[in-house]
file upload.pdb (PDB, C-alpha atoms and all ligand atoms)
ATOM      1  CA  MET A   1     242.920 250.654 -16.628  1.00  0.00           C
ATOM      2  CA  ASP A   2     240.928 250.325 -13.454  1.00  0.00           C
ATOM      3  CA  ASP A   3     238.457 247.578 -12.626  1.00  0.00           C
ATOM      4  CA  ARG A   4     235.462 249.662 -13.563  1.00  0.00           C
ATOM      5  CA  ALA A   5     236.752 250.320 -17.041  1.00  0.00           C
ATOM      6  CA  ILE A   6     237.508 246.632 -17.525  1.00  0.00           C
ATOM      7  CA  GLY A   7     234.083 245.667 -16.256  1.00  0.00           C
ATOM      8  CA  ARG A   8     232.310 248.094 -18.512  1.00  0.00           C
ATOM      9  CA  ARG A   9     234.327 247.143 -21.581  1.00  0.00           C
ATOM     10  CA  THR A  10     233.762 243.468 -20.947  1.00  0.00           C
ATOM     11  CA  PHE A  11     230.065 244.011 -20.564  1.00  0.00           C
ATOM     12  CA  LEU A  12     229.727 246.226 -23.606  1.00  0.00           C
ATOM     13  CA  GLY A  13     231.812 243.713 -25.524  1.00  0.00           C
ATOM     14  CA  LEU A  14     229.391 240.963 -24.623  1.00  0.00           C
ATOM     15  CA  VAL A  15     226.423 243.113 -25.548  1.00  0.00           C
ATOM     16  CA  GLY A  16     228.058 243.986 -28.840  1.00  0.00           C
ATOM     17  CA  THR A  17     228.893 240.445 -29.883  1.00  0.00           C
ATOM     18  CA  GLY A  18     227.038 237.409 -28.655  1.00  0.00           C
ATOM     19  CA  LEU A  19     224.139 238.634 -26.591  1.00  0.00           C
ATOM     20  CA  LEU A  20     221.517 238.770 -29.296  1.00  0.00           C
ATOM     21  CA  GLY A  21     222.136 235.153 -30.214  1.00  0.00           C
ATOM     22  CA  LEU A  22     221.988 234.156 -26.598  1.00  0.00           C
ATOM     23  CA  PHE A  23     218.673 235.919 -26.168  1.00  0.00           C
ATOM     24  CA  VAL A  24     217.264 233.822 -28.955  1.00  0.00           C
ATOM     25  CA  ALA A  25     218.751 230.618 -27.556  1.00  0.00           C
ATOM     26  CA  ARG A  26     217.465 231.298 -24.071  1.00  0.00           C
ATOM     27  CA  ASP A  27     214.029 232.280 -25.271  1.00  0.00           C
ATOM     28  CA  ALA A  28     213.830 228.940 -27.029  1.00  0.00           C
ATOM     29  CA  ILE A  29     214.819 227.051 -23.887  1.00  0.00           C
ATOM     30  CA  ASP A  30     212.698 229.135 -21.576  1.00  0.00           C
ATOM     31  CA  GLY A  31     209.762 229.003 -23.953  1.00  0.00           C
ATOM     32  CA  VAL A  32     209.534 225.321 -23.080  1.00  0.00           C
ATOM     33  CA  ARG A  33     209.490 226.150 -19.426  1.00  0.00           C
ATOM     34  CA  GLY A  34     207.208 229.048 -20.248  1.00  0.00           C
ATOM     35  CA  LEU A  35     208.298 231.318 -17.500  1.00  0.00           C
ATOM     36  CA  VAL A  36     211.548 233.271 -17.611  1.00  0.00           C
ATOM     37  CA  PRO A  37     210.674 236.676 -19.082  1.00  0.00           C
ATOM     38  CA  ARG A  38     212.523 238.210 -21.990  1.00  0.00           C
ATOM     39  CA  SER A  39     213.885 240.862 -19.672  1.00  0.00           C
ATOM     40  CA  VAL A  40     216.186 238.240 -18.186  1.00  0.00           C
ATOM     41  CA  GLN A  41     219.576 238.348 -19.837  1.00  0.00           C
ATOM     42  CA  ALA A  42     221.847 235.358 -19.873  1.00  0.00           C
ATOM     43  CA  VAL A  43     225.428 235.675 -20.975  1.00  0.00           C
ATOM     44  CA  LEU A  44     227.219 232.407 -21.442  1.00  0.00           C
ATOM     45  CA  PRO A  45     230.881 232.433 -20.341  1.00  0.00           C
ATOM     46  CA  ALA A  46     233.171 230.099 -22.256  1.00  0.00           C
ATOM     47  CA  THR A  47     233.621 227.042 -20.049  1.00  0.00           C
ATOM     48  CA  SER A  48     232.935 227.817 -16.402  1.00  0.00           C
ATOM     49  CA  GLY A  49     229.365 226.507 -16.333  1.00  0.00           C
ATOM     50  CA  TRP A  50     228.016 229.774 -14.970  1.00  0.00           C
ATOM     51  CA  ARG A  51     225.391 231.863 -16.749  1.00  0.00           C
ATOM     52  CA  ILE A  52     225.316 235.506 -15.814  1.00  0.00           C
ATOM     53  CA  PHE A  53     221.783 236.613 -14.961  1.00  0.00           C
ATOM     54  CA  THR A  54     220.496 240.144 -14.622  1.00  0.00           C
ATOM     55  CA  VAL A  55     217.032 241.663 -14.740  1.00  0.00           C
ATOM     56  CA  ALA A  56     217.944 245.304 -15.426  1.00  0.00           C
ATOM     57  CA  ALA A  57     219.470 246.914 -18.505  1.00  0.00           C
ATOM     58  CA  SER A  58     222.909 247.234 -16.915  1.00  0.00           C
ATOM     59  CA  MET A  59     224.715 245.686 -13.973  1.00  0.00           C
ATOM     60  CA  PRO A  60     225.451 247.697 -10.839  1.00  0.00           C
ATOM     61  CA  ASN A  61     229.052 248.887 -10.762  1.00  0.00           C
ATOM     62  CA  ILE A  62     230.171 249.186  -7.148  1.00  0.00           C
ATOM     63  CA  ALA A  63     233.857 249.234  -6.192  1.00  0.00           C
ATOM     64  CA  PRO A  64     234.494 247.216  -3.000  1.00  0.00           C
ATOM     65  CA  ALA A  65     235.741 250.360  -1.250  1.00  0.00           C
ATOM     66  CA  ASP A  66     232.456 252.116  -2.076  1.00  0.00           C
ATOM     67  CA  LEU A  67     230.186 249.354  -0.766  1.00  0.00           C
ATOM     68  CA  ARG A  68     227.816 250.345   2.027  1.00  0.00           C
ATOM     69  CA  LEU A  69     225.695 247.501   3.365  1.00  0.00           C
ATOM     70  CA  SER A  70     222.756 248.753   5.404  1.00  0.00           C
ATOM     71  CA  ILE A  71     220.952 246.471   7.837  1.00  0.00           C
ATOM     72  CA  GLU A  72     217.686 247.750   9.216  1.00  0.00           C
ATOM     73  CA  GLY A  73     214.228 246.801  10.423  1.00  0.00           C
ATOM     74  CA  LEU A  74     213.794 244.673  13.533  1.00  0.00           C
ATOM     75  CA  VAL A  75     217.358 244.989  14.803  1.00  0.00           C
ATOM     76  CA  GLU A  76     218.800 246.475  17.995  1.00  0.00           C
ATOM     77  CA  ARG A  77     221.601 248.248  16.133  1.00  0.00           C
ATOM     78  CA  PRO A  78     220.665 249.410  12.613  1.00  0.00           C
ATOM     79  CA  SER A  79     223.998 249.591  10.823  1.00  0.00           C
ATOM     80  CA  THR A  80     225.714 250.687   7.657  1.00  0.00           C
ATOM     81  CA  LEU A  81     228.872 248.668   7.158  1.00  0.00           C
ATOM     82  CA  THR A  82     231.818 249.143   4.823  1.00  0.00           C
ATOM     83  CA  MET A  83     233.389 246.114   3.180  1.00  0.00           C
ATOM     84  CA  ARG A  84     236.308 246.313   5.605  1.00  0.00           C
ATOM     85  CA  GLU A  85     233.987 246.396   8.629  1.00  0.00           C
ATOM     86  CA  LEU A  86     232.001 243.474   7.258  1.00  0.00           C
ATOM     87  CA  GLN A  87     235.153 241.450   6.600  1.00  0.00           C
ATOM     88  CA  GLU A  88     236.366 241.968  10.159  1.00  0.00           C
ATOM     89  CA  ILE A  89     233.324 240.476  11.897  1.00  0.00           C
ATOM     90  CA  ALA A  90     233.725 236.728  11.333  1.00  0.00           C
ATOM     91  CA  PRO A  91     235.041 235.678   7.907  1.00  0.00           C
ATOM     92  CA  ARG A  92     234.404 232.135   6.807  1.00  0.00           C
ATOM     93  CA  SER A  93     235.221 229.941   3.792  1.00  0.00           C
ATOM     94  CA  GLN A  94     233.128 227.162   2.319  1.00  0.00           C
ATOM     95  CA  VAL A  95     232.844 224.962  -0.753  1.00  0.00           C
ATOM     96  CA  SER A  96     229.341 224.422  -2.122  1.00  0.00           C
ATOM     97  CA  ASP A  97     227.466 223.615  -5.324  1.00  0.00           C
ATOM     98  CA  PHE A  98     225.286 226.199  -7.075  1.00  0.00           C
ATOM     99  CA  HIS A  99     222.071 225.165  -8.877  1.00  0.00           C
ATOM    100  CA  CYS A 100     219.942 227.321 -11.160  1.00  0.00           C
ATOM    101  CA  VAL A 101     216.293 226.390 -11.485  1.00  0.00           C
ATOM    102  CA  THR A 102     216.698 226.347 -15.292  1.00  0.00           C
ATOM    103  CA  GLY A 103     218.939 223.278 -15.022  1.00  0.00           C
ATOM    104  CA  TRP A 104     222.597 224.327 -14.983  1.00  0.00           C
ATOM    105  CA  ARG A 105     224.801 223.856 -11.972  1.00  0.00           C
ATOM    106  CA  VAL A 106     228.363 224.550 -10.921  1.00  0.00           C
ATOM    107  CA  GLU A 107     230.010 222.192  -8.453  1.00  0.00           C
ATOM    108  CA  ASP A 108     232.546 222.889  -5.737  1.00  0.00           C
ATOM    109  CA  VAL A 109     232.556 226.664  -5.788  1.00  0.00           C
ATOM    110  CA  ARG A 110     234.921 228.132  -3.189  1.00  0.00           C
ATOM    111  CA  TRP A 111     233.363 231.065  -1.378  1.00  0.00           C
ATOM    112  CA  GLN A 112     234.556 233.429   1.299  1.00  0.00           C
ATOM    113  CA  GLY A 113     232.167 235.655   3.200  1.00  0.00           C
ATOM    114  CA  ILE A 114     230.238 235.998   6.434  1.00  0.00           C
ATOM    115  CA  ARG A 115     227.475 233.758   7.696  1.00  0.00           C
ATOM    116  CA  VAL A 116     224.178 235.645   7.679  1.00  0.00           C
ATOM    117  CA  ALA A 117     223.613 234.218  11.183  1.00  0.00           C
ATOM    118  CA  ASP A 118     226.778 235.951  12.411  1.00  0.00           C
ATOM    119  CA  LEU A 119     225.735 239.213  10.798  1.00  0.00           C
ATOM    120  CA  LEU A 120     222.270 239.032  12.378  1.00  0.00           C
ATOM    121  CA  ALA A 121     223.892 238.472  15.769  1.00  0.00           C
ATOM    122  CA  HIS A 122     226.229 241.410  15.148  1.00  0.00           C
ATOM    123  CA  VAL A 123     223.325 243.846  14.639  1.00  0.00           C
ATOM    124  CA  GLY A 124     221.116 242.258  17.300  1.00  0.00           C
ATOM    125  CA  ALA A 125     218.211 240.960  15.210  1.00  0.00           C
ATOM    126  CA  ARG A 126     215.081 240.915  17.390  1.00  0.00           C
ATOM    127  CA  ALA A 127     213.056 237.801  18.118  1.00  0.00           C
ATOM    128  CA  GLN A 128     210.013 239.154  16.193  1.00  0.00           C
ATOM    129  CA  GLY A 129     212.154 239.383  13.079  1.00  0.00           C
ATOM    130  CA  SER A 130     211.053 236.145  11.433  1.00  0.00           C
ATOM    131  CA  VAL A 131     211.981 237.101   7.871  1.00  0.00           C
ATOM    132  CA  VAL A 132     215.188 238.459   6.360  1.00  0.00           C
ATOM    133  CA  ARG A 133     214.934 240.345   3.072  1.00  0.00           C
ATOM    134  CA  PHE A 134     217.944 240.909   0.825  1.00  0.00           C
ATOM    135  CA  ILE A 135     217.704 243.852  -1.548  1.00  0.00           C
ATOM    136  CA  SER A 136     219.901 244.221  -4.620  1.00  0.00           C
ATOM    137  CA  ALA A 137     221.359 247.437  -5.967  1.00  0.00           C
ATOM    138  CA  GLU A 138     219.947 246.071  -9.224  1.00  0.00           C
ATOM    139  CA  GLU A 139     216.352 247.269  -8.980  1.00  0.00           C
ATOM    140  CA  PRO A 140     213.873 245.718  -8.542  1.00  0.00           C
ATOM    141  CA  TYR A 141     215.606 242.439  -7.559  1.00  0.00           C
ATOM    142  CA  ASP A 142     215.140 241.208  -4.014  1.00  0.00           C
ATOM    143  CA  ASP A 143     214.325 237.996  -2.160  1.00  0.00           C
ATOM    144  CA  SER A 144     213.626 236.810   1.364  1.00  0.00           C
ATOM    145  CA  LEU A 145     214.454 233.891   3.616  1.00  0.00           C
ATOM    146  CA  THR A 146     212.777 232.916   6.849  1.00  0.00           C
ATOM    147  CA  ARG A 147     214.951 233.648   9.847  1.00  0.00           C
ATOM    148  CA  GLN A 148     215.455 229.927  10.262  1.00  0.00           C
ATOM    149  CA  GLN A 149     216.564 229.484   6.643  1.00  0.00           C
ATOM    150  CA  ALA A 150     218.820 232.533   6.838  1.00  0.00           C
ATOM    151  CA  SER A 151     220.464 231.033   9.910  1.00  0.00           C
ATOM    152  CA  MET A 152     221.589 227.830   8.179  1.00  0.00           C
ATOM    153  CA  SER A 153     225.366 227.607   8.582  1.00  0.00           C
ATOM    154  CA  ASP A 154     226.112 227.659   4.835  1.00  0.00           C
ATOM    155  CA  VAL A 155     223.997 230.728   4.079  1.00  0.00           C
ATOM    156  CA  ILE A 156     226.569 233.453   3.581  1.00  0.00           C
ATOM    157  CA  LEU A 157     227.133 236.884   2.128  1.00  0.00           C
ATOM    158  CA  ALA A 158     230.141 236.297  -0.115  1.00  0.00           C
ATOM    159  CA  TRP A 159     232.826 238.737  -1.255  1.00  0.00           C
ATOM    160  CA  GLN A 160     235.211 236.184  -2.758  1.00  0.00           C
ATOM    161  CA  MET A 161     234.619 233.392  -5.292  1.00  0.00           C
ATOM    162  CA  ASP A 162     237.209 230.780  -6.278  1.00  0.00           C
ATOM    163  CA  ASP A 163     239.984 232.700  -4.512  1.00  0.00           C
ATOM    164  CA  VAL A 164     239.479 236.085  -6.188  1.00  0.00           C
ATOM    165  CA  PRO A 165     237.316 239.067  -5.206  1.00  0.00           C
ATOM    166  CA  LEU A 166     233.741 238.429  -6.336  1.00  0.00           C
ATOM    167  CA  LYS A 167     233.454 239.677  -9.901  1.00  0.00           C
ATOM    168  CA  ARG A 168     230.964 242.302 -10.882  1.00  0.00           C
ATOM    169  CA  GLU A 169     228.979 239.974 -13.142  1.00  0.00           C
ATOM    170  CA  HIS A 170     228.618 237.442 -10.295  1.00  0.00           C
ATOM    171  CA  GLY A 171     227.207 240.114  -7.975  1.00  0.00           C
ATOM    172  CA  GLY A 172     230.390 241.707  -6.660  1.00  0.00           C
ATOM    173  CA  PRO A 173     231.257 243.208  -4.364  1.00  0.00           C
ATOM    174  CA  LEU A 174     228.723 241.262  -2.246  1.00  0.00           C
ATOM    175  CA  ARG A 175     226.137 238.563  -2.935  1.00  0.00           C
ATOM    176  CA  LEU A 176     224.035 236.110  -0.991  1.00  0.00           C
ATOM    177  CA  ILE A 177     224.726 232.365  -1.300  1.00  0.00           C
ATOM    178  CA  VAL A 178     222.049 229.813  -0.320  1.00  0.00           C
ATOM    179  CA  PRO A 179     223.439 226.420  -1.429  1.00  0.00           C
ATOM    180  CA  ALA A 180     220.364 224.344  -0.499  1.00  0.00           C
ATOM    181  CA  MET A 181     218.066 226.471  -2.683  1.00  0.00           C
ATOM    182  CA  TYR A 182     217.867 227.349  -6.362  1.00  0.00           C
ATOM    183  CA  GLY A 183     220.042 230.231  -7.498  1.00  0.00           C
ATOM    184  CA  TYR A 184     217.284 232.823  -7.657  1.00  0.00           C
ATOM    185  CA  LYS A 185     217.446 233.051  -3.857  1.00  0.00           C
ATOM    186  CA  SER A 186     221.141 234.008  -4.068  1.00  0.00           C
ATOM    187  CA  VAL A 187     220.675 237.747  -4.571  1.00  0.00           C
ATOM    188  CA  LYS A 188     223.560 239.506  -6.338  1.00  0.00           C
ATOM    189  CA  TRP A 189     224.798 243.045  -5.549  1.00  0.00           C
ATOM    190  CA  VAL A 190     223.284 243.034  -2.055  1.00  0.00           C
ATOM    191  CA  THR A 191     223.369 246.510  -0.504  1.00  0.00           C
ATOM    192  CA  LYS A 192     220.478 246.344   1.941  1.00  0.00           C
ATOM    193  CA  ILE A 193     219.113 243.797   4.407  1.00  0.00           C
ATOM    194  CA  VAL A 194     215.815 244.289   6.225  1.00  0.00           C
ATOM    195  CA  VAL A 195     214.706 242.141   9.149  1.00  0.00           C
ATOM    196  CA  GLU A 196     210.917 241.947   9.034  1.00  0.00           C
ATOM    197  CA  SER A 197     207.962 240.150  10.632  1.00  0.00           C
ATOM    198  CA  SER A 198     206.234 239.075   7.395  1.00  0.00           C
ATOM    199  CA  VAL A 199     207.275 238.072   3.889  1.00  0.00           C
ATOM    200  CA  THR A 200     207.393 240.520   1.004  1.00  0.00           C
ATOM    201  CA  PRO A 201     207.277 238.336  -2.140  1.00  0.00           C
ATOM    202  CA  GLY A 202     210.586 238.588  -3.987  1.00  0.00           C
ATOM    203  CA  TYR A 203     211.228 239.253  -7.664  1.00  0.00           C
ATOM    204  CA  TRP A 204     210.808 235.618  -8.756  1.00  0.00           C
ATOM    205  CA  GLU A 205     208.102 234.788  -6.209  1.00  0.00           C
ATOM    206  CA  GLN A 206     206.001 237.544  -7.802  1.00  0.00           C
ATOM    207  CA  ARG A 207     206.451 235.599 -11.061  1.00  0.00           C
ATOM    208  CA  GLY A 208     205.263 232.278  -9.661  1.00  0.00           C
ATOM    209  CA  TYR A 209     208.289 230.583  -8.136  1.00  0.00           C
ATOM    210  CA  ASP A 210     208.199 229.023  -4.680  1.00  0.00           C
ATOM    211  CA  SER A 211     209.453 231.059  -1.767  1.00  0.00           C
ATOM    212  CA  ASP A 212     210.947 227.873  -0.284  1.00  0.00           C
ATOM    213  CA  ALA A 213     213.200 227.112  -3.222  1.00  0.00           C
ATOM    214  CA  TRP A 214     214.689 223.827  -1.974  1.00  0.00           C
ATOM    215  CA  ILE A 215     216.641 222.087  -4.727  1.00  0.00           C
ATOM    216  CA  GLY A 216     214.622 219.153  -6.048  1.00  0.00           C
ATOM    217  CA  ARG A 217     211.590 219.872  -3.871  1.00  0.00           C
ATOM    218  CA  SER A 218     210.260 223.289  -4.941  1.00  0.00           C
ATOM    219  CA  ASN A 219     208.061 224.020  -7.936  1.00  0.00           C
ATOM    220  CA  GLY A 220     210.897 224.893 -10.345  1.00  0.00           C
ATOM    221  CA  LEU A 221     208.138 225.568 -12.914  1.00  0.00           C
TER     222      LEU A 221
HETATM  223  N1  LIG B 301     220.396 240.978  -8.586  1.00  0.00           N
HETATM  224  C1  LIG B 301     220.206 239.777  -9.144  1.00  0.00           C
HETATM  225  N2  LIG B 301     220.513 238.677  -8.460  1.00  0.00           N
HETATM  226  C2  LIG B 301     220.331 237.451  -9.017  1.00  0.00           C
HETATM  227  C3  LIG B 301     219.767 237.322 -10.304  1.00  0.00           C
HETATM  228  C4  LIG B 301     219.464 238.514 -11.016  1.00  0.00           C
HETATM  229  O1  LIG B 301     218.983 238.492 -12.175  1.00  0.00           O
HETATM  230  N3  LIG B 301     219.688 239.709 -10.409  1.00  0.00           N
HETATM  231  N4  LIG B 301     219.534 236.066 -10.860  1.00  0.00           N
HETATM  232  C5  LIG B 301     219.469 234.946  -9.909  1.00  0.00           C
HETATM  233  C6  LIG B 301     219.508 233.646 -10.561  1.00  0.00           C
HETATM  234  S1  LIG B 301     218.064 233.074 -11.261  1.00  0.00           S
HETATM  235  C7  LIG B 301     220.632 232.863 -10.543  1.00  0.00           C
HETATM  236  S2  LIG B 301     220.639 231.279 -11.141  1.00  0.00           S
HETATM  237  C8  LIG B 301     221.919 233.394 -10.029  1.00  0.00           C
HETATM  238  C9  LIG B 301     222.959 233.368 -11.125  1.00  0.00           C
HETATM  239  O2  LIG B 301     224.211 233.791 -10.623  1.00  0.00           O
HETATM  240  P1  LIG B 301     225.317 234.268 -11.645  1.00  0.00           P
HETATM  241  O3  LIG B 301     224.746 235.393 -12.464  1.00  0.00           O
HETATM  242  O4  LIG B 301     226.480 234.670 -10.780  1.00  0.00           O
HETATM  243  O5  LIG B 301     225.633 233.080 -12.503  1.00  0.00           O
HETATM  244  O6  LIG B 301     221.818 234.738  -9.537  1.00  0.00           O
HETATM  245  C10 LIG B 301     220.601 235.023  -8.880  1.00  0.00           C
HETATM  246  N5  LIG B 301     220.671 236.351  -8.308  1.00  0.00           N
HETATM  247 MO    MO B 302     218.503 230.908 -11.744  1.00  0.00          MO
END

call {"tool": "encode", "arguments": {"input": "upload.pdb", "output": "structure tokens"}}
result
Amino acid sequence: MDDRAIGRRTFLGLVGTGLLGLFVARDAIDGVRGLVPRSVQAVLPATSGWRIFTVAASMPNIAPADLRLSIEGLVERPSTLTMRELQEIAPRSQVSDFHCVTGWRVEDVRWQGIRVADLLAHVGARAQGSVVRFISAEEPYDDSLTRQQASMSDVILAWQMDDVPLKREHGGPLRLIVPAMYGYKSVKWVTKIVVESSVTPGYWEQRGYDSDAWIGRSNGL
């Protein structure tokens, strides 16, 4: 059985069994906060502390070998990179905590990926490019960081989590990680990056959340 089959069976299994109950539970919690729409699905894994969030009816299913990351906009060298090409640029490991704005967090997650700053240097991001937008294969999810935020040393595009290839439900093969900000900035299933000169409000910003999603300092709603 290949990875895709496992992924699909796991997902369908979750849909078939516990998801309805979880919808109800989450609607109750989010009703208090009054914001997270019903379209958001949360699947609760047994003990890990993670909740799996998606906004579309099904998760993208991209094998690592099929990944094509395009980087365009205000860059000297617009590029489409394979996973192998991406992994050869400047791989880096880090340990960081992950906080969702709805209150859960996971501590000491081990990530491997590439610093966004290194990737921007690789494609020659231009000085006028003051905003970096990350677009998910899961439409219509996207989010942006200022160039300065994107250049923080722990902002990475990750392909490995806790020593295994990033799982599909966590945004594999490639997701953004922004440890200093709430999880909604950490776009899963990233397939496109655009360097721009002004902000396009992201999926959650269009629904009222702060663009500067600093943990403990942003609106959190
Ligand atoms: N494409 C996509 N990325 C996403 C989301 C999503 O629904 N779709 N949810 C965000 C939110 S609110 C959080 S807290 C984290 C959750 O990561 P996880 O699903 O790996 O637990 O992913 C973020 N990135
Ligand atoms: Mo979140």

call {"tool": "resolve_selection", "arguments": {"input": "upload.pdb", "expression": "the PyMOL selection byres (((chain A and resi 186-198) around 8) and not hetatm)", "output": "ChimeraX atom specification"}}
result
/A:60,67-75,125,128-138,141-143,170-178,182-185,199-200

call {"tool": "residues_near_ligand", "arguments": {"input": "upload.pdb", "ligand": "ligand MO 302 (chain B)", "cutoff": "10 Å", "atoms": "all atoms listed in the file", "output": "PyMOL selection string"}}
result
chain A and resi 36+42+51-54+98-105+182-186+204+220

call {"tool": "write_last_selection", "arguments": {"input": "upload.pdb", "atoms": "C-alpha atoms", "output": "JSON list (two decimals), in the frame of the given file"}}
result
[["chain", "number", "residue", "atom", "x", "y", "z"],
["A", 36, "VAL", "CA", 211.55, 233.27, -17.61],
["A", 42, "ALA", "CA", 221.85, 235.36, -19.87],
["A", 51, "ARG", "CA", 225.39, 231.86, -16.75],
["A", 52, "ILE", "CA", 225.32, 235.51, -15.81],
["A", 53, "PHE", "CA", 221.78, 236.61, -14.96],
["A", 54, "THR", "CA", 220.50, 240.14, -14.62],
["A", 98, "PHE", "CA", 225.29, 226.20, -7.08],
["A", 99, "HIS", "CA", 222.07, 225.16, -8.88],
["A", 100, "CYS", "CA", 219.94, 227.32, -11.16],
["A", 101, "VAL", "CA", 216.29, 226.39, -11.48],
["A", 102, "THR", "CA", 216.70, 226.35, -15.29],
["A", 103, "GLY", "CA", 218.94, 223.28, -15.02],
["A", 104, "TRP", "CA", 222.60, 224.33, -14.98],
["A", 105, "ARG", "CA", 224.80, 223.86, -11.97],
["A", 182, "TYR", "CA", 217.87, 227.35, -6.36],
["A", 183, "GLY", "CA", 220.04, 230.23, -7.50],
["A", 184, "TYR", "CA", 217.28, 232.82, -7.66],
["A", 185, "LYS", "CA", 217.45, 233.05, -3.86],
["A", 186, "SER", "CA", 221.14, 234.01, -4.07],
["A", 204, "TRP", "CA", 210.81, 235.62, -8.76],
["A", 220, "GLY", "CA", 210.90, 224.89, -10.34]]

call {"tool": "atom_distance", "arguments": {"input": "upload.pdb", "atom1": "atom O3 of ligand LIG 301 (chain B)", "atom2": "CA of Ala158 in chain A"}}
result
13.5 Å

call {"tool": "residues_around", "arguments": {"input": "upload.pdb", "residues": "range 84-94 of chain A", "least_positions_apart": "4", "cutoff": "6 Å", "atoms": "all atoms listed in the file", "output": "ChimeraX atom specification"}}
result
/A:110-114

call {"tool": "residues_around", "arguments": {"input": "upload.pdb", "residues": "range 206-217 of chain A", "least_positions_apart": "2", "cutoff": "6 Å", "atoms": "all atoms listed in the file", "output": "list of chain:residue names"}}
result
A:Ala180, A:Met181, A:Tyr182, A:Pro201, A:Tyr203, A:Trp204, A:Asn219

call {"tool": "resolve_selection", "arguments": {"input": "upload.pdb", "expression": "the PyMOL selection byres (((chain A and resi 120) around 10) and not hetatm)", "output": "CSV table (one decimal) with C-alpha atoms, in the coordinates of the input"}}
result
chain,number,residue,atom,x,y,z
A,71,ILE,CA,221.0,246.5,7.8
A,75,VAL,CA,217.4,245.0,14.8
A,76,GLU,CA,218.8,246.5,18.0
A,77,ARG,CA,221.6,248.2,16.1
A,115,ARG,CA,227.5,233.8,7.7
A,116,VAL,CA,224.2,235.6,7.7
A,117,ALA,CA,223.6,234.2,11.2
A,118,ASP,CA,226.8,236.0,12.4
A,119,LEU,CA,225.7,239.2,10.8
A,121,ALA,CA,223.9,238.5,15.8
A,122,HIS,CA,226.2,241.4,15.1
A,123,VAL,CA,223.3,243.8,14.6
A,124,GLY,CA,221.1,242.3,17.3
A,125,ALA,CA,218.2,241.0,15.2
A,126,ARG,CA,215.1,240.9,17.4
A,132,VAL,CA,215.2,238.5,6.4
A,147,ARG,CA,215.0,233.6,9.8
A,150,ALA,CA,218.8,232.5,6.8
A,151,SER,CA,220.5,231.0,9.9
A,193,ILE,CA,219.1,243.8,4.4
A,195,VAL,CA,214.7,242.1,9.1

call {"tool": "axis_aligned_box", "arguments": {"input": "upload.pdb", "around": "ligand LIG 301 (chain B)", "padding_each_side": "3 Å", "output": "AutoDock Vina command-line options"}}
result
--center_x 222.3 --center_y 236.1 --center_z -10.4 --size_x 14.4 --size_y 15.7 --size_z 10.2

call {"tool": "decode", "arguments": {"input": "upload.pdb", "residues": "range 63-98 of chain A", "atoms": "C-alpha atoms", "output": "tab-separated table (two decimals), in the first residue's frame"}}
result
chain	number	residue	atom	x	y	z
A	63	ALA	CA	3.70	13.05	-3.00
A	64	PRO	CA	7.08	14.63	-2.11
A	65	ALA	CA	8.45	13.65	-5.52
A	66	ASP	CA	5.58	15.50	-7.21
A	67	LEU	CA	6.01	18.75	-5.27
A	68	ARG	CA	6.72	21.84	-7.35
A	69	LEU	CA	7.27	25.00	-5.33
A	70	SER	CA	7.00	28.12	-7.46
A	71	ILE	CA	8.48	31.42	-6.30
A	72	GLU	CA	7.49	34.47	-8.27
A	73	GLY	CA	6.77	38.19	-8.11
A	74	LEU	CA	9.52	40.64	-7.19
A	75	VAL	CA	12.43	38.23	-7.57
A	76	GLU	CA	15.44	38.23	-9.89
A	77	ARG	CA	15.09	34.53	-10.67
A	78	PRO	CA	11.48	33.26	-10.68
A	79	SER	CA	11.84	29.56	-9.93
A	80	THR	CA	10.00	26.29	-9.74
A	81	LEU	CA	11.80	23.94	-7.38
A	82	THR	CA	11.44	20.22	-6.77
A	83	MET	CA	11.68	18.89	-3.23
A	84	ARG	CA	15.19	17.62	-3.95
A	85	GLU	CA	16.32	21.02	-5.25
A	86	LEU	CA	14.79	22.75	-2.25
A	87	GLN	CA	16.46	20.34	0.17
A	88	GLU	CA	19.87	20.96	-1.38
A	89	ILE	CA	19.93	24.73	-0.85
A	90	ALA	CA	20.55	25.09	2.89
A	91	PRO	CA	18.77	22.58	5.14
A	92	ARG	CA	18.34	23.48	8.77
A	93	SER	CA	16.87	21.88	11.91
A	94	GLN	CA	15.17	23.61	14.81
A	95	VAL	CA	13.05	22.89	17.87
A	96	SER	CA	10.15	25.26	18.50
A	97	ASP	CA	6.73	25.43	20.14
A	98	PHE	CA	3.53	25.70	18.09
